[in-house]
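These notes concern the structure reproduced below.
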Amino acid sequence: MMEKRVKLKKVNPCITCGLCKGYLVEATTITECLHTFCRSCLVKFLLENNTCPRCGILIHQSHPLNYISHDRTMQDIVYKLVPNLQETYEDDKKNIEKNSPDKEDNNDYHRLDEQVNVCLECLEINVLKSLKRKILRLSSQATVTHLKKFVALKVFGTIDRYKDIDILCNNELLGKDHMLKFIIATRWRLADEPLLLHYRKRMEL
Ligand SMILES: [Zn+2]
Ligand SMILES: [Zn+2]
């Protein structure tokens with residue numbers, strides 16, 4: 001066990017994404033320089049850039065997205081090294097499929113699920129008010145949308161405005177259907193609780 005932990009620390013830089021700092025999810029490699037990132041992080045980056053975020057090499061003048069490919073071997077390595085990441089990722093994917101397009105919450109509070117502590121900090125205290133109680137204890141299956149609704153209720157006085165809230169982890173905007181356990185497994189490297197998240201008023205991108 002001890003040995004495994006030491007090893008994981010050593011290889012961490014090789015199995016994390018330079019863009020989000022989390023463990024690689026859908027590892028995707030640039031064919032020109034063989035640098036690897038999460039698929040969603042890399043695609044988002046290449047919509048506005050045509051160079052590698054790590055080494056700066058020009059991937060392709062106009063169609064950089066044609067020069068990236070899914071890296072199954074790298075993803076297998078990540079899954080082998082990081083306990084529970086694969087199950088968590090697959091659960092999260094199912095949850096996203098289940099929840100899209102927008103569905104109302106069923107009144108299922110997941111009482112029997114594992115609970116996690118989340119700290120919600122306001123990113124722009126001059127725009128939105130801070131929460132009086134920042135630490136919440138929630139099901140690890142609660143989603144980003146649940147957090148948005150909670151924050152909207154506290155700062156706007158109504159959950160109806162939940163779409164006006166952005167939730168971020170390590171400065172990265174979080175997709176609405178991600179579950180807390182997925183965020184903890186992939187984006188939260190300081191494994192001790194609570195998971196620190198930030199909220200802000202939604203920004204038009
Ligand atoms: Zn990433
Ligand atoms: Zn590169």
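Scheme for the structure tokens: letters A, B, ... for chains in order shown; per-chain residue numbers from 1; ligand numbers from 1 in order shown.
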
Exercise for review: Name the residues in contact with A:Ile30 at a cut-off of 6 Å, using only C-alpha atoms, excluding same-chain residues fewer than 4 positions from it; report them as a VMD selection string.
Suggested key: chain A and resid 34 to 35 68

Each residue of chain A lying at most 12 Å from ligand 2 should get a row with its shortest atom-to-atom pair and the distance in Å to one decimal, counting only C-alpha atoms and all ligand atoms; could you produce that, ordered by chain and increasing number, as a tab-separated table?
residue	atom	partner	partner_atom_place_in_ligand_line	distance
A:Gly18	CA	ligand 2	1 (Zn)	10.5
A:Thr28	CA	ligand 2	1 (Zn)	11.7
A:Thr29	CA	ligand 2	1 (Zn)	8.8
A:Ile30	CA	ligand 2	1 (Zn)	6.8
A:Thr31	CA	ligand 2	1 (Zn)	8.9
A:Glu32	CA	ligand 2	1 (Zn)	7.3
A:Cys33	CA	ligand 2	1 (Zn)	4.6
A:Leu34	CA	ligand 2	1 (Zn)	6.2
A:His35	CA	ligand 2	1 (Zn)	4.6
A:Thr36	CA	ligand 2	1 (Zn)	7.9
A:Phe37	CA	ligand 2	1 (Zn)	9.8
A:Leu42	CA	ligand 2	1 (Zn)	11.3
A:Asn50	CA	ligand 2	1 (Zn)	11.1
A:Thr51	CA	ligand 2	1 (Zn)	7.8
A:Cys52	CA	ligand 2	1 (Zn)	4.5
A:Pro53	CA	ligand 2	1 (Zn)	6.5
A:Arg54	CA	ligand 2	1 (Zn)	4.9
A:Cys55	CA	ligand 2	1 (Zn)	4.1
A:Gly56	CA	ligand 2	1 (Zn)	6.1
A:Ile57	CA	ligand 2	1 (Zn)	5.9
A:Leu58	CA	ligand 2	1 (Zn)	8.7
A:Ile59	CA	ligand 2	1 (Zn)	8.5
A:Tyr67	CA	ligand 2	1 (Zn)	11.7
A:Ile68	CA	ligand 2	1 (Zn)	11.0

Check your understanding: Which is closest to ligand 1 among A:His63, A:Val11, A:Glu90, A:Asn170, if we use only C-alpha atoms and all ligand atoms?
Key ->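 Checking each candidate against ligand 1, we get A:Asn170 as the closest.
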
Exercise for review: Would you return as a PyMOL selection string the members of chain A that DSSP assigns to alpha helix (DSSP H) on this structure's backbone?
Suggested key: chain A and resi 2-15+39-46+72-81+85-99+144-156+180-187

Practice item. Could you please extract the residues within 12 Å of ligand 1, counting only C-alpha atoms and all ligand atoms, and hand them back as a PyMOL selection string? Key: chain A and resi 15-29+36-45+53+169-174+183+186-188

Can you pull out every residue from chain A that DSSP, working from the backbone, puts in strand (DSSP E or B), and format the result as an mmCIF file with N, CA and C atoms, in the first residue's frame?
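Resulting contents of selection.cif:
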data_model
loop_
_atom_site.group_PDB
_atom_site.id
_atom_site.type_symbol
_atom_site.label_atom_id
_atom_site.label_comp_id
_atom_site.auth_asym_id
_atom_site.auth_seq_id
_atom_site.Cartn_x
_atom_site.Cartn_y
_atom_site.Cartn_z
ATOM 1 N N THR A 16 -1.293 13.369 -15.441
ATOM 2 C CA THR A 16 -2.212 14.485 -15.253
ATOM 3 C C THR A 16 -2.198 15.376 -16.488
ATOM 4 N N TYR A 23 -6.409 14.310 -13.201
ATOM 5 C CA TYR A 23 -6.000 13.096 -13.886
ATOM 6 C C TYR A 23 -6.596 13.087 -15.286
ATOM 7 N N ALA A 27 -7.856 10.397 -22.356
ATOM 8 C CA ALA A 27 -6.523 10.846 -22.756
ATOM 9 C C ALA A 27 -6.415 10.987 -24.271
ATOM 10 N N THR A 28 -5.945 12.143 -24.700
ATOM 11 C CA THR A 28 -5.856 12.454 -26.123
ATOM 12 C C THR A 28 -4.498 13.063 -26.403
ATOM 13 N N THR A 29 -3.817 12.517 -27.406
ATOM 14 C CA THR A 29 -2.440 12.887 -27.669
ATOM 15 C C THR A 29 -2.329 13.645 -28.996
ATOM 16 N N ILE A 30 -1.489 14.660 -28.990
ATOM 17 C CA ILE A 30 -1.224 15.420 -30.212
ATOM 18 C C ILE A 30 -0.224 14.616 -31.031
ATOM 19 N N THR A 36 0.055 14.748 -24.129
ATOM 20 C CA THR A 36 -1.272 14.197 -23.849
ATOM 21 C C THR A 36 -2.058 15.086 -22.885
ATOM 22 N N PHE A 37 -3.335 15.233 -23.165
ATOM 23 C CA PHE A 37 -4.242 16.032 -22.330
ATOM 24 C C PHE A 37 -5.586 15.305 -22.257
ATOM 25 N N CYS A 38 -6.498 15.811 -21.391
ATOM 26 C CA CYS A 38 -7.868 15.289 -21.440
ATOM 27 C C CYS A 38 -8.458 15.689 -22.785
ATOM 28 N N THR A 51 -1.612 25.564 -31.449
ATOM 29 C CA THR A 51 -0.325 25.074 -30.959
ATOM 30 C C THR A 51 -0.528 24.148 -29.763
ATOM 31 N N LEU A 58 3.569 24.216 -33.453
ATOM 32 C CA LEU A 58 2.414 24.457 -34.322
ATOM 33 C C LEU A 58 1.858 23.107 -34.760
ATOM 34 N N ILE A 68 -5.066 15.151 -33.525
ATOM 35 C CA ILE A 68 -5.063 14.614 -32.166
ATOM 36 C C ILE A 68 -5.753 13.262 -32.210
ATOM 37 N N SER A 69 -5.342 12.354 -31.316
ATOM 38 C CA SER A 69 -6.025 11.058 -31.322
ATOM 39 C C SER A 69 -6.135 10.493 -29.920
ATOM 40 N N HIS A 70 -7.206 9.742 -29.737
ATOM 41 C CA HIS A 70 -7.464 9.111 -28.447
ATOM 42 C C HIS A 70 -6.305 8.187 -28.104
ATOM 43 N N GLN A 115 -21.050 10.444 1.652
ATOM 44 C CA GLN A 115 -21.184 11.898 1.810
ATOM 45 C C GLN A 115 -19.818 12.567 1.669
ATOM 46 N N VAL A 116 -19.804 13.747 1.096
ATOM 47 C CA VAL A 116 -18.548 14.492 0.977
ATOM 48 C C VAL A 116 -18.771 15.924 1.449
ATOM 49 N N ASN A 117 -17.701 16.541 1.912
ATOM 50 C CA ASN A 117 -17.776 17.937 2.325
ATOM 51 C C ASN A 117 -17.294 18.823 1.189
ATOM 52 N N VAL A 118 -18.035 19.878 0.946
ATOM 53 C CA VAL A 118 -17.697 20.810 -0.122
ATOM 54 C C VAL A 118 -17.627 22.199 0.482
ATOM 55 N N CYS A 119 -16.610 22.949 0.121
ATOM 56 C CA CYS A 119 -16.520 24.337 0.557
ATOM 57 C C CYS A 119 -16.791 25.222 -0.659
ATOM 58 N N LEU A 120 -17.796 26.069 -0.561
ATOM 59 C CA LEU A 120 -18.175 26.933 -1.682
ATOM 60 C C LEU A 120 -17.767 28.373 -1.398
ATOM 61 N N GLU A 121 -16.788 28.844 -2.139
ATOM 62 C CA GLU A 121 -16.306 30.216 -1.954
ATOM 63 C C GLU A 121 -16.773 31.079 -3.118
ATOM 64 N N CYS A 122 -17.100 32.318 -2.797
ATOM 65 C CA CYS A 122 -17.497 33.260 -3.835
ATOM 66 C C CYS A 122 -16.241 33.796 -4.524
ATOM 67 N N ILE A 135 -19.402 25.482 4.165
ATOM 68 C CA ILE A 135 -19.146 24.041 4.089
ATOM 69 C C ILE A 135 -20.475 23.283 4.053
ATOM 70 N N LEU A 136 -20.648 22.486 3.011
ATOM 71 C CA LEU A 136 -21.856 21.686 2.877
ATOM 72 C C LEU A 136 -21.477 20.229 2.926
ATOM 73 N N ARG A 137 -22.385 19.420 3.450
ATOM 74 C CA ARG A 137 -22.172 17.979 3.410
ATOM 75 C C ARG A 137 -23.212 17.406 2.451
ATOM 76 N N LEU A 138 -22.722 16.802 1.381
ATOM 77 C CA LEU A 138 -23.619 16.362 0.321
ATOM 78 C C LEU A 138 -23.299 14.947 -0.119
ATOM 79 N N SER A 139 -24.245 14.343 -0.801
ATOM 80 C CA SER A 139 -24.002 13.043 -1.421
ATOM 81 C C SER A 139 -22.909 13.196 -2.470
ATOM 82 N N THR A 143 -24.787 16.690 -8.192
ATOM 83 C CA THR A 143 -24.159 17.209 -9.405
ATOM 84 C C THR A 143 -23.900 18.709 -9.289
ATOM 85 N N ILE A 165 -25.442 30.886 -12.450
ATOM 86 C CA ILE A 165 -24.288 30.596 -11.588
ATOM 87 C C ILE A 165 -23.298 29.693 -12.326
ATOM 88 N N ASP A 166 -22.032 30.052 -12.250
ATOM 89 C CA ASP A 166 -20.948 29.170 -12.717
ATOM 90 C C ASP A 166 -20.286 28.553 -11.491
ATOM 91 N N ILE A 167 -19.914 27.284 -11.588
ATOM 92 C CA ILE A 167 -19.159 26.633 -10.519
ATOM 93 C C ILE A 167 -17.797 26.228 -11.085
ATOM 94 N N LEU A 168 -16.728 26.540 -10.346
ATOM 95 C CA LEU A 168 -15.378 26.258 -10.834
ATOM 96 C C LEU A 168 -14.578 25.450 -9.822
ATOM 97 N N CYS A 169 -13.648 24.661 -10.347
ATOM 98 C CA CYS A 169 -12.697 23.947 -9.494
ATOM 99 C C CYS A 169 -11.312 24.218 -10.071
ATOM 100 N N GLU A 172 -11.249 26.004 -13.263
ATOM 101 C CA GLU A 172 -11.852 25.397 -14.443
ATOM 102 C C GLU A 172 -13.355 25.352 -14.258
ATOM 103 N N LEU A 173 -14.072 25.823 -15.268
ATOM 104 C CA LEU A 173 -15.528 25.801 -15.251
ATOM 105 C C LEU A 173 -16.000 24.349 -15.293
ATOM 106 N N MET A 179 -20.758 14.774 -11.366
ATOM 107 C CA MET A 179 -21.038 14.472 -9.969
ATOM 108 C C MET A 179 -19.838 14.866 -9.113
ATOM 109 N N LEU A 195 -13.728 19.535 -0.490
ATOM 110 C CA LEU A 195 -13.469 19.908 -1.878
ATOM 111 C C LEU A 195 -13.739 21.413 -2.011
ATOM 112 N N LEU A 196 -12.747 22.155 -2.429
ATOM 113 C CA LEU A 196 -12.916 23.606 -2.553
ATOM 114 C C LEU A 196 -13.402 23.968 -3.956
ATOM 115 N N LEU A 197 -14.579 24.578 -4.000
ATOM 116 C CA LEU A 197 -15.139 25.022 -5.277
ATOM 117 C C LEU A 197 -15.427 26.522 -5.189
ATOM 118 N N HIS A 198 -15.432 27.173 -6.334
ATOM 119 C CA HIS A 198 -15.767 28.592 -6.379
ATOM 120 C C HIS A 198 -17.022 28.805 -7.210
ATOM 121 N N TYR A 199 -17.761 29.848 -6.881
ATOM 122 C CA TYR A 199 -18.892 30.192 -7.731
ATOM 123 C C TYR A 199 -18.783 31.651 -8.149
ATOM 124 N N ARG A 200 -19.379 31.959 -9.277
ATOM 125 C CA ARG A 200 -19.403 33.329 -9.763
ATOM 126 C C ARG A 200 -20.673 33.503 -10.593
ATOM 127 N N LYS A 201 -20.959 34.731 -10.951
ATOM 128 C CA LYS A 201 -22.093 34.979 -11.832
ATOM 129 C C LYS A 201 -21.687 34.453 -13.208
#

Do you know which residues are at most 12 Å from A:Lys129 counting only C-alpha atoms, after dropping those on the same chain fewer than 2 positions away, and could you put them as a PDB file with N, CA and C atoms, in the first residue's frame?
ATOM      1  N   LEU A 120     -17.796  26.069  -0.561  1.00  0.00           N
ATOM      2  CA  LEU A 120     -18.175  26.933  -1.682  1.00  0.00           C
ATOM      3  C   LEU A 120     -17.767  28.373  -1.398  1.00  0.00           C
ATOM      4  N   GLU A 121     -16.788  28.844  -2.139  1.00  0.00           N
ATOM      5  CA  GLU A 121     -16.306  30.216  -1.954  1.00  0.00           C
ATOM      6  C   GLU A 121     -16.773  31.079  -3.118  1.00  0.00           C
ATOM      7  N   CYS A 122     -17.100  32.318  -2.797  1.00  0.00           N
ATOM      8  CA  CYS A 122     -17.497  33.260  -3.835  1.00  0.00           C
ATOM      9  C   CYS A 122     -16.241  33.796  -4.524  1.00  0.00           C
ATOM     10  N   LEU A 123     -16.261  33.814  -5.853  1.00  0.00           N
ATOM     11  CA  LEU A 123     -15.072  34.247  -6.588  1.00  0.00           C
ATOM     12  C   LEU A 123     -15.025  35.768  -6.715  1.00  0.00           C
ATOM     13  N   GLU A 124     -16.186  36.400  -6.808  1.00  0.00           N
ATOM     14  CA  GLU A 124     -16.209  37.860  -6.981  1.00  0.00           C
ATOM     15  C   GLU A 124     -17.111  38.439  -5.904  1.00  0.00           C
ATOM     16  N   ILE A 125     -16.499  38.752  -4.749  1.00  0.00           N
ATOM     17  CA  ILE A 125     -17.330  39.173  -3.618  1.00  0.00           C
ATOM     18  C   ILE A 125     -17.995  40.534  -3.850  1.00  0.00           C
ATOM     19  N   ASN A 126     -17.509  41.307  -4.832  1.00  0.00           N
ATOM     20  CA  ASN A 126     -18.192  42.571  -5.113  1.00  0.00           C
ATOM     21  C   ASN A 126     -19.387  42.390  -6.047  1.00  0.00           C
ATOM     22  N   VAL A 127     -19.504  41.187  -6.646  1.00  0.00           N
ATOM     23  CA  VAL A 127     -20.625  40.918  -7.558  1.00  0.00           C
ATOM     24  C   VAL A 127     -21.711  40.095  -6.869  1.00  0.00           C
ATOM     25  N   LEU A 131     -21.435  33.041   0.977  1.00  0.00           N
ATOM     26  CA  LEU A 131     -22.369  32.242   1.760  1.00  0.00           C
ATOM     27  C   LEU A 131     -22.006  32.333   3.236  1.00  0.00           C
ATOM     28  N   LYS A 132     -23.030  32.359   4.076  1.00  0.00           N
ATOM     29  CA  LYS A 132     -22.749  32.376   5.521  1.00  0.00           C
ATOM     30  C   LYS A 132     -22.167  31.040   5.949  1.00  0.00           C
ATOM     31  N   ARG A 133     -22.799  29.973   5.425  1.00  0.00           N
ATOM     32  CA  ARG A 133     -22.273  28.638   5.729  1.00  0.00           C
ATOM     33  C   ARG A 133     -21.644  28.100   4.459  1.00  0.00           C
ATOM     34  N   LYS A 134     -20.326  28.057   4.442  1.00  0.00           N
ATOM     35  CA  LYS A 134     -19.635  27.686   3.195  1.00  0.00           C
ATOM     36  C   LYS A 134     -19.436  26.193   3.040  1.00  0.00           C
ATOM     37  N   VAL A 151     -26.606  27.573  -4.561  1.00  0.00           N
ATOM     38  CA  VAL A 151     -26.025  28.919  -4.543  1.00  0.00           C
ATOM     39  C   VAL A 151     -27.061  29.950  -4.994  1.00  0.00           C
ATOM     40  N   ALA A 152     -27.834  29.623  -6.040  1.00  0.00           N
ATOM     41  CA  ALA A 152     -28.841  30.571  -6.541  1.00  0.00           C
ATOM     42  C   ALA A 152     -29.844  30.901  -5.447  1.00  0.00           C
ATOM     43  N   LEU A 153     -30.240  29.885  -4.702  1.00  0.00           N
ATOM     44  CA  LEU A 153     -31.191  30.097  -3.618  1.00  0.00           C
ATOM     45  C   LEU A 153     -30.605  31.065  -2.585  1.00  0.00           C
ATOM     46  N   LYS A 154     -29.325  30.892  -2.289  1.00  0.00           N
ATOM     47  CA  LYS A 154     -28.702  31.724  -1.257  1.00  0.00           C
ATOM     48  C   LYS A 154     -28.416  33.142  -1.746  1.00  0.00           C
ATOM     49  N   VAL A 155     -27.983  33.287  -2.999  1.00  0.00           N
ATOM     50  CA  VAL A 155     -27.560  34.632  -3.427  1.00  0.00           C
ATOM     51  C   VAL A 155     -28.654  35.407  -4.160  1.00  0.00           C
ATOM     52  N   PHE A 156     -29.572  34.702  -4.826  1.00  0.00           N
ATOM     53  CA  PHE A 156     -30.654  35.400  -5.536  1.00  0.00           C
ATOM     54  C   PHE A 156     -31.995  35.231  -4.826  1.00  0.00           C
ATOM     55  N   GLY A 157     -32.053  34.303  -3.858  1.00  0.00           N
ATOM     56  CA  GLY A 157     -33.312  34.051  -3.167  1.00  0.00           C
ATOM     57  C   GLY A 157     -34.254  33.149  -3.944  1.00  0.00           C
ATOM     58  N   TYR A 199     -17.761  29.848  -6.881  1.00  0.00           N
ATOM     59  CA  TYR A 199     -18.892  30.192  -7.731  1.00  0.00           C
ATOM     60  C   TYR A 199     -18.783  31.651  -8.149  1.00  0.00           C
ATOM     61  N   ARG A 200     -19.379  31.959  -9.277  1.00  0.00           N
ATOM     62  CA  ARG A 200     -19.403  33.329  -9.763  1.00  0.00           C
ATOM     63  C   ARG A 200     -20.673  33.503 -10.593  1.00  0.00           C
ATOM     64  N   LYS A 201     -20.959  34.731 -10.951  1.00  0.00           N
ATOM     65  CA  LYS A 201     -22.093  34.979 -11.832  1.00  0.00           C
ATOM     66  C   LYS A 201     -21.687  34.453 -13.208  1.00  0.00           C
TER      67      LYS A 201
END

**Study point:** Residue nearest A:Glu114 among A:Pro64, A:Leu128, A:Asp92, A:Ala142 (counting only C-alpha atoms)
**Key:** A:Ala142

Review point. Mind pulling up the distance from atom CA of A:Leu47 to atom CA of A:Arg72?
Key: 22.8 Å

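For the pair atom CA of A:Ala185 and atom CA of A:Val144, the interatomic distance is 14.5 Å.
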